[in-house]
>>> print(open('start29.json').read())   # JSON, C-alpha atoms and all ligand atoms
[["chain", "number", "residue", "atom", "x", "y", "z"],
["A", 88, "MET", "CA", 68.19, -111.22, 128.84],
["A", 89, "GLU", "CA", 71.85, -111.87, 128.12],
["A", 90, "ILE", "CA", 74.93, -111.22, 130.23],
["A", 91, "VAL", "CA", 78.11, -110.38, 128.32],
["A", 92, "SER", "CA", 81.56, -109.75, 129.74],
["A", 93, "SER", "CA", 83.69, -109.01, 126.70],
["A", 94, "VAL", "CA", 83.93, -105.88, 124.55],
["A", 95, "ASN", "CA", 83.42, -107.87, 121.33],
["A", 96, "GLU", "CA", 80.22, -109.56, 122.48],
["A", 97, "LEU", "CA", 78.86, -106.23, 123.70],
["A", 98, "ARG", "CA", 79.77, -104.43, 120.44],
["A", 99, "GLU", "CA", 78.09, -107.14, 118.36],
["A", 100, "LYS", "CA", 74.81, -106.76, 120.26],
["A", 101, "ILE", "CA", 74.94, -102.97, 120.15],
["A", 102, "MET", "CA", 75.64, -102.99, 116.37],
["A", 103, "THR", "CA", 72.65, -105.27, 115.74],
["A", 104, "TRP", "CA", 70.33, -102.94, 117.66],
["A", 105, "LYS", "CA", 71.77, -99.84, 115.97],
["A", 106, "LYS", "CA", 71.11, -101.40, 112.56],
["A", 107, "GLN", "CA", 67.52, -102.05, 113.64],
["A", 108, "GLY", "CA", 67.26, -98.36, 114.59],
["A", 109, "ARG", "CA", 66.37, -99.13, 118.20],
["A", 110, "LYS", "CA", 66.91, -96.39, 120.77],
["A", 111, "THR", "CA", 69.33, -97.53, 123.50],
["A", 112, "GLY", "CA", 68.83, -96.63, 127.16],
["A", 113, "PHE", "CA", 71.73, -97.27, 129.52],
["A", 114, "VAL", "CA", 71.90, -97.61, 133.30],
["A", 115, "PRO", "CA", 75.50, -97.81, 134.60],
["A", 116, "THR", "CA", 75.69, -99.38, 138.07],
["A", 117, "MET", "CA", 78.11, -100.98, 140.48],
["A", 118, "GLY", "CA", 75.54, -103.70, 141.22],
["A", 119, "TYR", "CA", 73.95, -104.71, 144.53],
["A", 120, "LEU", "CA", 70.85, -103.13, 143.09],
["A", 121, "HIS", "CA", 68.07, -101.43, 145.03],
["A", 122, "GLU", "CA", 64.83, -99.63, 144.17],
["A", 123, "GLY", "CA", 66.81, -96.52, 143.21],
["A", 124, "HIS", "CA", 68.58, -98.43, 140.43],
["A", 125, "LEU", "CA", 65.35, -100.14, 139.42],
["A", 126, "SER", "CA", 63.59, -96.77, 139.05],
["A", 127, "LEU", "CA", 66.27, -95.85, 136.49],
["A", 128, "VAL", "CA", 65.81, -99.15, 134.69],
["A", 129, "ARG", "CA", 62.02, -98.67, 134.56],
["A", 130, "GLU", "CA", 62.40, -95.18, 133.08],
["A", 131, "SER", "CA", 64.83, -96.53, 130.51],
["A", 132, "LYS", "CA", 62.37, -99.30, 129.63],
["A", 133, "ARG", "CA", 59.61, -96.71, 129.26],
["A", 134, "ARG", "CA", 61.64, -94.43, 126.98],
["A", 135, "SER", "CA", 63.92, -96.74, 125.00],
["A", 136, "GLY", "CA", 63.78, -99.62, 122.55],
["A", 137, "VAL", "CA", 66.48, -101.55, 124.39],
["A", 138, "THR", "CA", 67.86, -101.23, 127.90],
["A", 139, "VAL", "CA", 71.44, -102.08, 128.79],
["A", 140, "VAL", "CA", 72.63, -102.20, 132.43],
["A", 141, "SER", "CA", 76.31, -102.39, 133.34],
["A", 142, "ILE", "CA", 77.45, -103.92, 136.60],
["A", 143, "PHE", "CA", 81.04, -103.02, 137.35],
["A", 144, "VAL", "CA", 82.58, -102.12, 140.70],
["A", 145, "ASN", "CA", 85.04, -99.59, 139.36],
["A", 146, "PRO", "CA", 88.35, -99.74, 141.26],
["A", 147, "LYS", "CA", 89.43, -96.36, 139.86],
["A", 148, "GLN", "CA", 86.81, -94.45, 141.83],
["A", 149, "PHE", "CA", 87.79, -95.85, 145.23],
["A", 150, "GLY", "CA", 90.60, -94.35, 147.31],
["A", 151, "PRO", "CA", 93.26, -96.66, 148.77],
["A", 152, "ALA", "CA", 91.61, -96.62, 152.22],
["A", 153, "GLU", "CA", 88.08, -97.02, 150.85],
["A", 154, "ASP", "CA", 85.77, -100.02, 150.59],
["A", 155, "TYR", "CA", 86.55, -101.38, 147.09],
["A", 156, "LYS", "CA", 87.34, -104.89, 148.37],
["A", 157, "VAL", "CA", 84.29, -105.18, 150.61],
["A", 158, "TYR", "CA", 81.81, -103.30, 148.41],
["A", 159, "PRO", "CA", 78.70, -105.54, 148.35],
["A", 160, "ARG", "CA", 78.37, -107.77, 145.28],
["A", 161, "ASP", "CA", 75.65, -110.29, 144.38],
["A", 162, "LEU", "CA", 75.38, -110.99, 140.68],
["A", 163, "GLU", "CA", 72.71, -113.67, 141.00],
["A", 164, "ARG", "CA", 70.39, -111.37, 142.92],
["A", 165, "ASP", "CA", 71.04, -108.50, 140.48],
["A", 166, "ARG", "CA", 70.46, -110.77, 137.50],
["A", 167, "ALA", "CA", 67.08, -111.94, 138.88],
["A", 168, "LEU", "CA", 65.98, -108.35, 139.57],
["A", 169, "LEU", "CA", 66.98, -107.15, 136.09],
["A", 170, "GLN", "CA", 65.39, -110.16, 134.41],
["A", 171, "ARG", "CA", 62.13, -109.31, 136.16],
["A", 172, "GLU", "CA", 62.35, -105.72, 134.87],
["A", 173, "GLY", "CA", 62.78, -106.95, 131.30],
["A", 174, "VAL", "CA", 66.31, -105.61, 130.77],
["A", 175, "ASP", "CA", 67.77, -106.66, 127.41],
["A", 176, "LEU", "CA", 71.45, -106.94, 128.27],
["A", 177, "ILE", "CA", 73.77, -106.84, 131.28],
["A", 178, "PHE", "CA", 77.37, -105.82, 130.64],
["A", 179, "TYR", "CA", 79.44, -107.39, 133.41],
["A", 180, "PRO", "CA", 83.11, -106.91, 132.54],
["A", 181, "PRO", "CA", 86.00, -108.11, 134.66],
["A", 182, "VAL", "CA", 88.51, -105.45, 135.76],
["A", 183, "GLU", "CA", 91.07, -106.59, 133.12],
["A", 184, "VAL", "CA", 88.59, -105.85, 130.33],
["A", 185, "MET", "CA", 88.00, -102.27, 131.49],
["A", 186, "TYR", "CA", 91.60, -101.61, 132.57],
["A", 187, "PRO", "CA", 94.02, -103.92, 130.78],
["A", 188, "GLU", "CA", 97.66, -103.99, 131.87],
["A", 189, "GLY", "CA", 99.30, -100.66, 131.03],
["A", 190, "TYR", "CA", 96.05, -98.64, 131.08],
["A", 191, "LYS", "CA", 96.90, -94.91, 131.09],
["A", 192, "THR", "CA", 93.99, -92.71, 129.99],
["A", 193, "TYR", "CA", 91.82, -90.70, 132.39],
["A", 194, "VAL", "CA", 89.14, -88.02, 132.18],
["A", 195, "GLU", "CA", 88.92, -85.09, 134.56],
["A", 196, "VAL", "CA", 86.27, -82.41, 134.88],
["A", 197, "GLU", "CA", 88.33, -79.67, 136.47],
["A", 198, "ASP", "CA", 87.13, -77.67, 139.45],
["A", 199, "LEU", "CA", 83.77, -79.47, 139.81],
["A", 200, "GLN", "CA", 85.62, -82.68, 140.68],
["A", 201, "ASP", "CA", 87.41, -81.00, 143.61],
["A", 202, "ARG", "CA", 84.33, -79.68, 145.40],
["A", 203, "LEU", "CA", 82.02, -81.39, 147.97],
["A", 204, "CYS", "CA", 82.76, -85.16, 147.88],
["A", 205, "GLY", "CA", 85.86, -84.50, 145.78],
["A", 206, "LYS", "CA", 87.57, -82.84, 148.77],
["A", 207, "SER", "CA", 87.49, -85.93, 150.95],
["A", 208, "ARG", "CA", 87.61, -88.42, 148.05],
["A", 209, "PRO", "CA", 90.42, -87.11, 145.81],
["A", 210, "GLY", "CA", 90.46, -88.94, 142.48],
["A", 211, "HIS", "CA", 86.92, -90.25, 142.93],
["A", 212, "PHE", "CA", 85.32, -88.27, 140.09],
["A", 213, "ARG", "CA", 88.32, -88.86, 137.82],
["A", 214, "GLY", "CA", 87.55, -92.57, 138.26],
["A", 215, "VAL", "CA", 83.82, -92.05, 137.71],
["A", 216, "CYS", "CA", 84.28, -89.94, 134.56],
["A", 217, "THR", "CA", 86.84, -92.33, 133.13],
["A", 218, "VAL", "CA", 84.67, -95.40, 133.54],
["A", 219, "VAL", "CA", 81.48, -93.67, 132.42],
["A", 220, "LEU", "CA", 83.15, -92.33, 129.27],
["A", 221, "LYS", "CA", 84.50, -95.81, 128.50],
["A", 222, "LEU", "CA", 81.05, -97.31, 129.07],
["A", 223, "PHE", "CA", 79.43, -94.66, 126.86],
["A", 224, "ASN", "CA", 81.93, -95.48, 124.10],
["A", 225, "LEU", "CA", 81.13, -99.16, 124.38],
["A", 226, "VAL", "CA", 77.35, -99.04, 124.79],
["A", 227, "GLN", "CA", 76.77, -95.93, 122.61],
["A", 228, "PRO", "CA", 73.52, -95.12, 124.39],
["A", 229, "ASP", "CA", 71.06, -92.48, 123.28],
["A", 230, "GLU", "CA", 70.18, -91.81, 126.91],
["A", 231, "ALA", "CA", 71.87, -92.68, 130.20],
["A", 232, "TYR", "CA", 70.06, -92.63, 133.53],
["A", 233, "PHE", "CA", 71.49, -91.49, 136.87],
["A", 234, "GLY", "CA", 69.94, -90.80, 140.29],
["A", 235, "TRP", "CA", 69.92, -87.35, 141.88],
["A", 236, "LYS", "CA", 71.15, -89.08, 145.05],
["A", 237, "ASP", "CA", 74.62, -88.55, 143.55],
["A", 238, "ALA", "CA", 73.92, -84.94, 142.58],
["A", 239, "GLN", "CA", 77.57, -83.99, 142.14],
["A", 240, "GLN", "CA", 78.06, -87.00, 139.87],
["A", 241, "VAL", "CA", 75.10, -85.90, 137.72],
["A", 242, "ILE", "CA", 76.44, -82.34, 137.45],
["A", 243, "ILE", "CA", 79.96, -83.49, 136.60],
["A", 244, "LEU", "CA", 78.83, -86.06, 134.01],
["A", 245, "ARG", "CA", 76.55, -83.50, 132.37],
["A", 246, "LYS", "CA", 79.56, -81.19, 132.05],
["A", 247, "MET", "CA", 81.72, -83.99, 130.65],
["A", 248, "VAL", "CA", 79.06, -84.78, 128.03],
["A", 249, "GLU", "CA", 78.77, -81.10, 127.11],
["A", 250, "ASP", "CA", 82.52, -80.43, 127.00],
["A", 251, "LEU", "CA", 83.37, -83.57, 125.00],
["A", 252, "ASN", "CA", 80.33, -83.27, 122.66],
["A", 253, "LEU", "CA", 79.21, -86.78, 123.50],
["A", 254, "PRO", "CA", 76.05, -87.86, 121.64],
["A", 255, "VAL", "CA", 74.25, -89.03, 124.77],
["A", 256, "LYS", "CA", 71.58, -87.40, 126.89],
["A", 257, "ILE", "CA", 72.05, -87.60, 130.67],
["A", 258, "VAL", "CA", 68.65, -88.20, 132.29],
["A", 259, "PRO", "CA", 68.71, -87.59, 136.06],
["A", 260, "LEU", "CA", 65.87, -89.09, 138.10],
["A", 261, "PRO", "CA", 64.63, -88.47, 141.65],
["A", 262, "LEU", "CA", 66.39, -89.94, 144.64],
["A", 263, "VAL", "CA", 64.55, -92.94, 146.12],
["A", 264, "ARG", "CA", 64.15, -93.27, 149.91],
["A", 265, "ASP", "CA", 63.41, -96.18, 152.21],
["A", 266, "HIS", "CA", 60.14, -96.16, 154.19],
["A", 267, "ASP", "CA", 61.90, -94.31, 157.06],
["A", 268, "GLY", "CA", 63.38, -91.62, 154.79],
["A", 269, "LEU", "CA", 66.94, -92.93, 154.48],
["A", 270, "ALA", "CA", 68.20, -92.42, 150.92],
["A", 271, "LEU", "CA", 68.70, -95.83, 149.29],
["A", 272, "SER", "CA", 72.35, -96.78, 148.82],
["A", 273, "SER", "CA", 74.15, -100.09, 148.41],
["A", 274, "ARG", "CA", 76.33, -98.95, 151.33],
["A", 275, "ASN", "CA", 73.34, -98.90, 153.75],
["A", 276, "THR", "CA", 74.01, -102.60, 154.15],
["A", 277, "TYR", "CA", 77.13, -101.71, 156.21],
["A", 278, "LEU", "CA", 75.00, -100.04, 158.94],
["A", 279, "SER", "CA", 74.27, -101.78, 162.25],
["A", 280, "PRO", "CA", 70.69, -101.31, 163.59],
["A", 281, "ASP", "CA", 71.88, -98.44, 165.85],
["A", 282, "GLU", "CA", 73.78, -96.80, 162.98],
["A", 283, "ARG", "CA", 70.82, -97.15, 160.70],
["A", 284, "ARG", "CA", 68.65, -95.28, 163.22],
["A", 285, "ALA", "CA", 71.39, -92.63, 163.57],
["A", 286, "ALA", "CA", 71.64, -92.32, 159.77],
["A", 287, "LEU", "CA", 68.15, -90.82, 159.66],
["A", 288, "VAL", "CA", 69.77, -87.60, 160.86],
["A", 289, "LEU", "CA", 70.77, -86.84, 157.25],
["A", 290, "LYS", "CA", 67.16, -86.72, 156.08],
["A", 291, "LYS", "CA", 66.08, -84.94, 159.28],
["A", 292, "SER", "CA", 68.62, -82.18, 158.60],
["A", 293, "LEU", "CA", 67.25, -81.77, 155.07],
["A", 294, "ASP", "CA", 63.69, -81.69, 156.42],
["A", 295, "LEU", "CA", 64.81, -78.91, 158.75],
["A", 296, "ALA", "CA", 66.43, -77.01, 155.87],
["A", 297, "GLU", "CA", 63.24, -77.35, 153.85],
["A", 298, "ARG", "CA", 61.11, -76.02, 156.73],
["A", 299, "LEU", "CA", 63.43, -73.03, 157.23],
["A", 300, "ILE", "CA", 63.40, -72.21, 153.51],
["A", 301, "LEU", "CA", 59.62, -72.56, 153.24],
["A", 302, "ASP", "CA", 59.33, -70.23, 156.26],
["A", 303, "GLY", "CA", 61.25, -67.64, 154.26],
["A", 304, "GLU", "CA", 64.88, -68.09, 155.38],
["A", 305, "LYS", "CA", 67.15, -66.83, 152.59],
["A", 306, "ASP", "CA", 70.48, -66.86, 154.42],
["A", 307, "ALA", "CA", 72.33, -70.01, 153.28],
["A", 308, "HIS", "CA", 74.77, -69.69, 156.19],
["A", 309, "LYS", "CA", 71.93, -69.83, 158.75],
["A", 310, "VAL", "CA", 70.35, -72.87, 157.09],
["A", 311, "ARG", "CA", 73.70, -74.64, 157.05],
["A", 312, "GLU", "CA", 74.43, -73.79, 160.70],
["A", 313, "LYS", "CA", 71.06, -75.18, 161.85],
["A", 314, "MET", "CA", 71.64, -78.38, 159.90],
["A", 315, "ILE", "CA", 75.12, -78.78, 161.42],
["A", 316, "GLU", "CA", 73.70, -78.19, 164.92],
["A", 317, "LEU", "CA", 71.10, -80.92, 164.41],
["A", 318, "ILE", "CA", 73.59, -83.45, 163.02],
["A", 319, "ALA", "CA", 76.16, -82.69, 165.73],
["A", 320, "ALA", "CA", 73.59, -83.72, 168.36],
["A", 321, "GLU", "CA", 73.65, -87.29, 166.98],
["A", 322, "PRO", "CA", 76.49, -89.10, 168.82],
["A", 323, "LEU", "CA", 77.13, -91.66, 166.04],
["A", 324, "ALA", "CA", 77.41, -89.01, 163.31],
["A", 325, "ARG", "CA", 80.53, -87.19, 162.14],
["A", 326, "ILE", "CA", 80.08, -84.47, 159.54],
["A", 327, "ASP", "CA", 82.25, -84.56, 156.42],
["A", 328, "TYR", "CA", 80.52, -81.55, 154.87],
["A", 329, "VAL", "CA", 77.24, -79.67, 154.74],
["A", 330, "GLU", "CA", 77.19, -77.20, 151.83],
["A", 331, "VAL", "CA", 74.77, -74.90, 150.10],
["A", 332, "VAL", "CA", 75.93, -74.49, 146.49],
["A", 333, "ASN", "CA", 74.91, -73.41, 143.03],
["A", 334, "LEU", "CA", 73.16, -76.26, 141.23],
["A", 335, "ASN", "CA", 75.28, -75.88, 138.08],
["A", 336, "ASN", "CA", 78.79, -74.88, 139.11],
["A", 337, "LEU", "CA", 78.77, -76.12, 142.73],
["A", 338, "GLU", "CA", 80.12, -72.80, 144.01],
["A", 339, "PRO", "CA", 78.92, -71.81, 147.50],
["A", 340, "VAL", "CA", 75.89, -69.54, 147.57],
["A", 341, "GLU", "CA", 75.11, -66.98, 150.25],
["A", 342, "LYS", "CA", 71.51, -66.10, 149.43],
["A", 343, "LEU", "CA", 68.91, -68.74, 148.70],
["A", 344, "GLU", "CA", 67.48, -67.20, 145.55],
["A", 345, "GLY", "CA", 66.97, -69.31, 142.44],
["A", 346, "GLU", "CA", 68.37, -72.80, 141.98],
["A", 347, "ALA", "CA", 70.57, -74.33, 144.67],
["A", 348, "LEU", "CA", 71.79, -77.64, 145.99],
["A", 349, "ILE", "CA", 72.06, -78.42, 149.69],
["A", 350, "ALA", "CA", 74.37, -81.41, 149.90],
["A", 351, "LEU", "CA", 75.84, -83.26, 152.83],
["A", 352, "ALA", "CA", 78.12, -86.17, 153.62],
["A", 353, "VAL", "CA", 78.06, -87.66, 157.10],
["A", 354, "ILE", "CA", 80.04, -90.57, 158.49],
["A", 355, "ILE", "CA", 77.93, -92.90, 160.61],
["A", 356, "GLY", "CA", 80.18, -95.35, 162.40],
["A", 357, "ARG", "CA", 82.50, -96.25, 159.53],
["A", 358, "THR", "CA", 80.03, -95.64, 156.72],
["A", 359, "ARG", "CA", 80.07, -92.42, 154.73],
["A", 360, "LEU", "CA", 76.57, -91.48, 153.58],
["A", 361, "ILE", "CA", 75.46, -88.67, 151.29],
["A", 362, "ASP", "CA", 72.12, -86.99, 150.76],
["A", 363, "ASN", "CA", 70.83, -83.77, 149.25],
["A", 364, "LEU", "CA", 68.00, -81.42, 148.54],
["A", 365, "ARG", "CA", 67.58, -79.45, 145.32],
["A", 366, "ILE", "CA", 65.84, -76.12, 145.01],
["A", 367, "THR", "CA", 64.62, -75.61, 141.46],
["A", 368, "SER", "CA", 61.99, -73.48, 139.74],
["A", 369, "GLY", "CA", 59.64, -76.43, 140.37],
["A", 370, "GLY", "CA", 60.15, -76.22, 144.15],
["A", 371, "ILE", "CA", 62.15, -78.26, 146.67],
["A", 372, "GLU", "CA", 63.03, -81.84, 145.78],
["A", 373, "LYS", "CA", 64.62, -84.29, 148.18],
["A", 401, "LIG", "O1", 76.83, -94.21, 140.62],
["A", 401, "LIG", "C1", 77.48, -95.27, 140.47],
["A", 401, "LIG", "O2", 77.03, -96.36, 140.83],
["A", 401, "LIG", "C2", 78.86, -95.21, 139.85],
["A", 401, "LIG", "O3", 79.53, -94.05, 140.23],
["A", 401, "LIG", "C3", 78.84, -95.38, 138.33],
["A", 401, "LIG", "C4", 78.11, -94.22, 137.66],
["A", 401, "LIG", "C5", 78.18, -96.68, 137.95],
["A", 401, "LIG", "C6", 80.28, -95.39, 137.79],
["A", 401, "LIG", "O4", 81.00, -96.44, 138.31]]
>>> encode(input="start29.json", output="structure tokens", more="lines below")
Ligand code: PAF
Amino acid sequence: MEIVSSVNELREKIMTWKKQGRKTGFVPTMGYLHEGHLSLVRESKRRSGVTVVSIFVNPKQFGPAEDYKVYPRDLERDRALLQREGVDLIFYPPVEVMYPEGYKTYVEVEDLQDRLCGKSRPGHFRGVCTVVLKLFNLVQPDEAYFGWKDAQQVIILRKMVEDLNLPVKIVPLPLVRDHDGLALSSRNTYLSPDERRAALVLKKSLDLAERLILDGEKDAHKVREKMIELIAAEPLARIDYVEVVNLNNLEPVEKLEGEALIALAVIIGRTRLIDNLRITSGGIEK
């Protein structure tokens, strides 16, 4: 496994593999890897001839008051994990390589970027789309793997790929949870033991939603209200949003019929956590 940091080195490797006709799987990450990331890597390994992982904490997707500077980073640990998984190449660019002095080009997926997390994190998805499009241009993957944990990100990136006719398939994979049900996130490391216990309220609220829906509740408003009531009873939790939306356009839904996404963001102490449940023709996934 090689680590490259420059565009030229990356392009050289990619060109060699393209000439050999090998299918490229790509897992973009911000590092500090956990089992969620590794599940994406394993799927890429299963489906592709070569697997490329990028590790880049993208400054453009953090707001000025957000955690860019303190976001957890540990290249040595990430490198060992990826080596063990048999990854072919890590792309680990410095900020100046991705955004040289005078950088001016951005990608926006209108409307979808302003909903849910976009309301409290303005500019976040503009940063995500910009970096992901740049990475797609550099890596030229056949398939790129993302976790459903970031459901809005998946939906927005799928739209970007469709609208810009990008020759890459977005492959979303199930969210991975810790033994106690907390959705895995690199940000879980910020939680104190008390906060970590309190953070389980996100999953508990989704469990409640699932029970209500399986018992026949169709009124999205009622499901949402019950979830809010449960979360509000947790003293360390502050709700950013709890929404029941259409799984494709993220518009609020009133009746739970067909596909839907129940998404929430809750601030525990100083850490903002997200989680979700998807209702699809295959059933409820969370
Ligand atoms: O999901 C993430 O870790 C990031 O948003 C991504 C896709 C790597 C872009 O920086």
>>> residues_around(input="start29.json", residues="stretch 364-368 of chain A", least_positions_apart="2", cutoff="8 Å", atoms="all atoms listed in the file", output="PDB file with C-alpha atoms, keeping the file's coordinate frame")
ATOM      1  CA  LEU A 293      67.250 -81.770 155.070  1.00  0.00           C
ATOM      2  CA  LEU A 334      73.160 -76.260 141.230  1.00  0.00           C
ATOM      3  CA  GLY A 345      66.970 -69.310 142.440  1.00  0.00           C
ATOM      4  CA  GLU A 346      68.370 -72.800 141.980  1.00  0.00           C
ATOM      5  CA  ALA A 347      70.570 -74.330 144.670  1.00  0.00           C
ATOM      6  CA  LEU A 348      71.790 -77.640 145.990  1.00  0.00           C
ATOM      7  CA  ILE A 349      72.060 -78.420 149.690  1.00  0.00           C
ATOM      8  CA  ALA A 350      74.370 -81.410 149.900  1.00  0.00           C
ATOM      9  CA  ASP A 362      72.120 -86.990 150.760  1.00  0.00           C
ATOM     10  CA  GLY A 370      60.150 -76.220 144.150  1.00  0.00           C
ATOM     11  CA  ILE A 371      62.150 -78.260 146.670  1.00  0.00           C
ATOM     12  CA  GLU A 372      63.030 -81.840 145.780  1.00  0.00           C
ATOM     13  CA  LYS A 373      64.620 -84.290 148.180  1.00  0.00           C
TER      14      LYS A 373
END
>>> axis_aligned_box(input="start29.json", around="ligand LIG 401 (chain A)", padding_each_side="6 Å", output="JSON")
{"center_x": 78.9, "center_y": -95.4, "center_z": 139.2, "size_x": 16.2, "size_y": 14.6, "size_z": 15.2}
>>> residues_near_ligand(input="start29.json", ligand="ligand LIG 401 (chain A)", cutoff="7 Å", atoms="only C-alpha atoms and all ligand atoms", output="JSON, numbers by chain")
{"A": [115, 116, 117, 143, 144, 145, 215, 218, 219, 237]}
>>> residues_around(input="start29.json", residues="A:Ile355", least_positions_apart="2", cutoff="7 Å", atoms="all atoms listed in the file", output="PyMOL selection string")
chain A and resi 282+286+323-325+353+357-359
>>> atom_distance(input="start29.json", atom1="atom CA of A:Pro159", atom2="atom CA of A:Arg213")
21.9 Å
>>> atom_distance(input="start29.json", atom1="atom CA of A:Leu317", atom2="atom CA of A:His266")
21.4 Å
>>> atom_distance(input="start29.json", atom1="atom CA of A:Arg298", atom2="atom CA of A:Val340")
18.6 Å
>>> closest_residue(input="start29.json", among="A:Gln107, A:Gln148, A:Gln170, A:Ser292", to="A:Val194", atoms="all atoms listed in the file")
A:Gln148
>>> residues_near_point(input="start29.json", point="(65.7, -98.7, 117.7)", cutoff="12 Å", atoms="only C-alpha atoms", output="JSON, numbers by chain")
{"A": [101, 102, 103, 104, 105, 106, 107, 108, 109, 110, 111, 112, 134, 135, 136, 137, 138, 228, 229]}
>>> closest_residue(input="start29.json", among="A:Lys147, A:Lys290, A:Lys132, A:His308", to="A:Ala231", atoms="all atoms listed in the file")
A:Lys132
>>> residues_around(input="start29.json", residues="stretch 165-168 of chain A", least_positions_apart="5", cutoff="10 Å", atoms="only C-alpha atoms", output="PDB file with C-alpha atoms, in the frame of the given file")
ATOM      1  CA  MET A  88      68.190-111.220 128.840  1.00  0.00           C
ATOM      2  CA  GLU A  89      71.850-111.870 128.120  1.00  0.00           C
ATOM      3  CA  ILE A  90      74.930-111.220 130.230  1.00  0.00           C
ATOM      4  CA  GLY A 118      75.540-103.700 141.220  1.00  0.00           C
ATOM      5  CA  TYR A 119      73.950-104.710 144.530  1.00  0.00           C
ATOM      6  CA  LEU A 120      70.850-103.130 143.090  1.00  0.00           C
ATOM      7  CA  HIS A 121      68.070-101.430 145.030  1.00  0.00           C
ATOM      8  CA  GLU A 122      64.830 -99.630 144.170  1.00  0.00           C
ATOM      9  CA  LEU A 125      65.350-100.140 139.420  1.00  0.00           C
ATOM     10  CA  ILE A 142      77.450-103.920 136.600  1.00  0.00           C
ATOM     11  CA  ARG A 160      78.370-107.770 145.280  1.00  0.00           C
ATOM     12  CA  GLY A 173      62.780-106.950 131.300  1.00  0.00           C
ATOM     13  CA  VAL A 174      66.310-105.610 130.770  1.00  0.00           C
ATOM     14  CA  ILE A 177      73.770-106.840 131.280  1.00  0.00           C
TER      15      ILE A 177
END
>>> residues_around(input="start29.json", residues="A:Leu225", least_positions_apart="6", cutoff="12 Å", atoms="all atoms listed in the file", output="MDAnalysis selection string")
chainID A and resid 92:102 111 113 115 139 141 178 180 184:185 218:219
>>> write_last_selection(input="start29.json", atoms="C-alpha atoms", output="short mmCIF file (atom, residue, chain, number, x, y, z; two decimals), keeping the file's coordinate frame")
data_model
loop_
_atom_site.label_atom_id
_atom_site.label_comp_id
_atom_site.auth_asym_id
_atom_site.auth_seq_id
_atom_site.Cartn_x
_atom_site.Cartn_y
_atom_site.Cartn_z
CA SER A 92 81.56 -109.75 129.74
CA SER A 93 83.69 -109.01 126.70
CA VAL A 94 83.93 -105.88 124.55
CA ASN A 95 83.42 -107.87 121.33
CA GLU A 96 80.22 -109.56 122.48
CA LEU A 97 78.86 -106.23 123.70
CA ARG A 98 79.77 -104.43 120.44
CA GLU A 99 78.09 -107.14 118.36
CA LYS A 100 74.81 -106.76 120.26
CA ILE A 101 74.94 -102.97 120.15
CA MET A 102 75.64 -102.99 116.37
CA THR A 111 69.33 -97.53 123.50
CA PHE A 113 71.73 -97.27 129.52
CA PRO A 115 75.50 -97.81 134.60
CA VAL A 139 71.44 -102.08 128.79
CA SER A 141 76.31 -102.39 133.34
CA PHE A 178 77.37 -105.82 130.64
CA PRO A 180 83.11 -106.91 132.54
CA VAL A 184 88.59 -105.85 130.33
CA MET A 185 88.00 -102.27 131.49
CA VAL A 218 84.67 -95.40 133.54
CA VAL A 219 81.48 -93.67 132.42
#
>>> residues_around(input="start29.json", residues="A:Cys204", least_positions_apart="4", cutoff="9 Å", atoms="only C-alpha atoms", output="list in words")
Gln200, Arg208, Pro209, His211, Phe212, Gln239, Asp327, Tyr328, Leu351, Ala352 and Ile361 of chain A
>>> closest_residue(input="start29.json", among="A:Val263, A:Val91, A:Ile315, A:Leu269", to="A:Val226", atoms="only C-alpha atoms")
A:Val91
>>> closest_residue(input="start29.json", among="A:Asp161, A:Glu230, A:Asp281, A:Glu312", to="A:Ala296", atoms="all atoms listed in the file")
A:Glu312
>>> decode(input="start29.json", residues="stretch 350-356 of chain A", atoms="N, CA, C and O atoms", output="PDB file, in the first residue's frame")
ATOM      1  N   ALA A 350     -34.706  11.898  10.106  1.00  0.00           N
ATOM      2  CA  ALA A 350     -33.324  12.313  10.390  1.00  0.00           C
ATOM      3  C   ALA A 350     -33.328  13.253  11.582  1.00  0.00           C
ATOM      4  O   ALA A 350     -34.273  14.019  11.785  1.00  0.00           O
ATOM      5  N   LEU A 351     -32.257  13.163  12.369  1.00  0.00           N
ATOM      6  CA  LEU A 351     -32.171  14.073  13.504  1.00  0.00           C
ATOM      7  C   LEU A 351     -30.732  14.491  13.763  1.00  0.00           C
ATOM      8  O   LEU A 351     -29.788  13.775  13.401  1.00  0.00           O
ATOM      9  N   ALA A 352     -30.605  15.688  14.324  1.00  0.00           N
ATOM     10  CA  ALA A 352     -29.308  16.176  14.798  1.00  0.00           C
ATOM     11  C   ALA A 352     -29.535  16.675  16.214  1.00  0.00           C
ATOM     12  O   ALA A 352     -30.484  17.425  16.472  1.00  0.00           O
ATOM     13  N   VAL A 353     -28.695  16.216  17.118  1.00  0.00           N
ATOM     14  CA  VAL A 353     -28.854  16.564  18.538  1.00  0.00           C
ATOM     15  C   VAL A 353     -27.488  16.959  19.074  1.00  0.00           C
ATOM     16  O   VAL A 353     -26.483  16.307  18.771  1.00  0.00           O
ATOM     17  N   ILE A 354     -27.473  18.035  19.858  1.00  0.00           N
ATOM     18  CA  ILE A 354     -26.203  18.469  20.442  1.00  0.00           C
ATOM     19  C   ILE A 354     -26.124  17.910  21.857  1.00  0.00           C
ATOM     20  O   ILE A 354     -27.026  18.121  22.667  1.00  0.00           O
ATOM     21  N   ILE A 355     -25.061  17.142  22.091  1.00  0.00           N
ATOM     22  CA  ILE A 355     -24.857  16.541  23.409  1.00  0.00           C
ATOM     23  C   ILE A 355     -23.628  17.229  23.983  1.00  0.00           C
ATOM     24  O   ILE A 355     -22.522  17.052  23.461  1.00  0.00           O
ATOM     25  N   GLY A 356     -23.824  18.012  25.023  1.00  0.00           N
ATOM     26  CA  GLY A 356     -22.712  18.827  25.529  1.00  0.00           C
ATOM     27  C   GLY A 356     -22.344  19.821  24.445  1.00  0.00           C
ATOM     28  O   GLY A 356     -23.129  20.682  24.080  1.00  0.00           O
TER      29      GLY A 356
END
